[in-house]
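**Q** Dumping the structure here so I can ask a few things about it.
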Amino acid sequence: MAATRRRSRRRTALAVAAVAAVGLTTGLTTGCDAVDKALDCVQTADAIADSVTALQQAVEAAGNDPTQLEESLTTIDKNLDKIGDRTDNADVNKAVDDLGKAVDNVRTSVENGDATPDISPVTDAAGELTKVCTP
C-alpha cells in the first residue's frame, strides 16, 4: 500500500510539473487565461489524486471498516469545495461539478447498502478533470 501511495504521489508530482510547465509556456504565447487555467489545475491535481486513491482504498477495505467509505467520500467533498473556491475557470468548475456528481452517486449507493460500490465514474470524472487541465 505504501508503494502504491509513493507511485501515486510521484505520478501526481510529474503531472503537476508537466501541467505547470506547459501552462506557463502556453501562457507566454497566448496570454493570462492559459496561465490562470494551468495554475487552477495545478492546485487541484494533488487533492484529486489523493482523494481518488483514498476512495479506492476505502472500497477495498470496506469489509474491514465500512466507515472508511463515508470518511473518504467526505474528504473528496471537502477537496472539491476547496477546488471550487480556488478557481473561476468554467472548464475546471464543470469538471469539478461532474466529479462531485459521481461522488454523490457513490454515496447514494453506499447509503442504499452497497458495501463495494462501483467507483469507476469517480475515476473517469477525475480523468476528465486531468484532460481539462491539459492545454
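Residue names in the C-alpha cells use chain letters A, B, ... in the order shown, residue numbers from 1 in each chain, and ligand numbers from 1 in the order shown.
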Using only C-alpha atoms, what does the table of segment 101-134 of chain A residues within 10 Å of segment 62-84 of chain A look like, with each row giving the shortest atom pair and its distance in Å to one decimal, sorted by chain and ascending number, as a Markdown table?

**A**
```
| residue | atom | partner | partner_atom | distance |
| --- | --- | --- | --- | --- |
| A:Val103 | CA | A:Leu73 | CA | 6.7 |
| A:Asp104 | CA | A:Leu73 | CA | 8.3 |
| A:Val106 | CA | A:Leu73 | CA | 8.2 |
| A:Arg107 | CA | A:Leu73 | CA | 7.0 |
| A:Val110 | CA | A:Leu69 | CA | 7.9 |
| A:Glu111 | CA | A:Glu70 | CA | 9.3 |
| A:Asp114 | CA | A:Ala62 | CA | 9.9 |
| A:Ala115 | CA | A:Ala62 | CA | 6.2 |
| A:Thr116 | CA | A:Ala62 | CA | 6.7 |
| A:Pro117 | CA | A:Leu69 | CA | 9.5 |
```

**Q** Those residues with N, CA, C and O atoms, as a compact mmCIF listing (two decimals), in the first residue's frame please?

**A**
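The new file selection28.txt reads:
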```txt
# COMPACT_ATOMS: atom_id res chain seq x y z
N VAL A 103 -19.31 11.42 -7.10
CA VAL A 103 -19.15 11.13 -5.67
C VAL A 103 -20.52 10.98 -5.01
O VAL A 103 -20.75 10.06 -4.22
N ASP A 104 -21.46 11.85 -5.36
CA ASP A 104 -22.82 11.75 -4.81
C ASP A 104 -23.47 10.42 -5.17
O ASP A 104 -24.17 9.82 -4.35
N VAL A 106 -21.92 7.58 -5.76
CA VAL A 106 -21.30 6.54 -4.93
C VAL A 106 -21.87 6.59 -3.53
O VAL A 106 -22.21 5.56 -2.93
N ARG A 107 -22.02 7.80 -2.99
CA ARG A 107 -22.58 7.94 -1.64
C ARG A 107 -24.00 7.35 -1.58
O ARG A 107 -24.35 6.64 -0.63
N VAL A 110 -23.80 3.62 -1.41
CA VAL A 110 -23.39 3.19 -0.07
C VAL A 110 -24.57 3.28 0.88
O VAL A 110 -24.83 2.37 1.67
N GLU A 111 -25.30 4.39 0.81
CA GLU A 111 -26.46 4.57 1.70
C GLU A 111 -27.54 3.54 1.43
O GLU A 111 -28.31 3.19 2.32
N ASP A 114 -24.83 -0.77 -0.55
CA ASP A 114 -23.76 -1.33 -1.37
C ASP A 114 -22.42 -1.10 -0.67
O ASP A 114 -21.94 0.03 -0.61
N ALA A 115 -21.84 -2.18 -0.15
CA ALA A 115 -20.57 -2.05 0.59
C ALA A 115 -19.38 -1.88 -0.34
O ALA A 115 -18.33 -1.39 0.08
N THR A 116 -19.52 -2.28 -1.59
CA THR A 116 -18.42 -2.15 -2.56
C THR A 116 -18.96 -1.52 -3.85
O THR A 116 -19.09 -2.19 -4.87
N PRO A 117 -19.26 -0.23 -3.79
CA PRO A 117 -19.85 0.43 -4.96
C PRO A 117 -18.87 0.56 -6.12
O PRO A 117 -17.65 0.53 -5.93
```

**Q** Give me, as a ChimeraX atom specification, all polymer residues having an atom no more than 10 Å from Leu129 of chain A, counting only C-alpha atoms and skipping those fewer than 3 positions away in the same chain.

**A** /A:41,44-45,48,91-99,123-126,132-134

**Q** Just give me the gap between atom CA of Val59 of chain A and atom CA of Asp85 of chain A in Å, one decimal is fine.

**A**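 Distance between the two atoms: 27.9 Å.
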
**Q** What is the distance, in Å and to one decimal place, between atom CA of Ala47 of chain A and atom CA of Ser109 of chain A?

**A** 23.3 Å
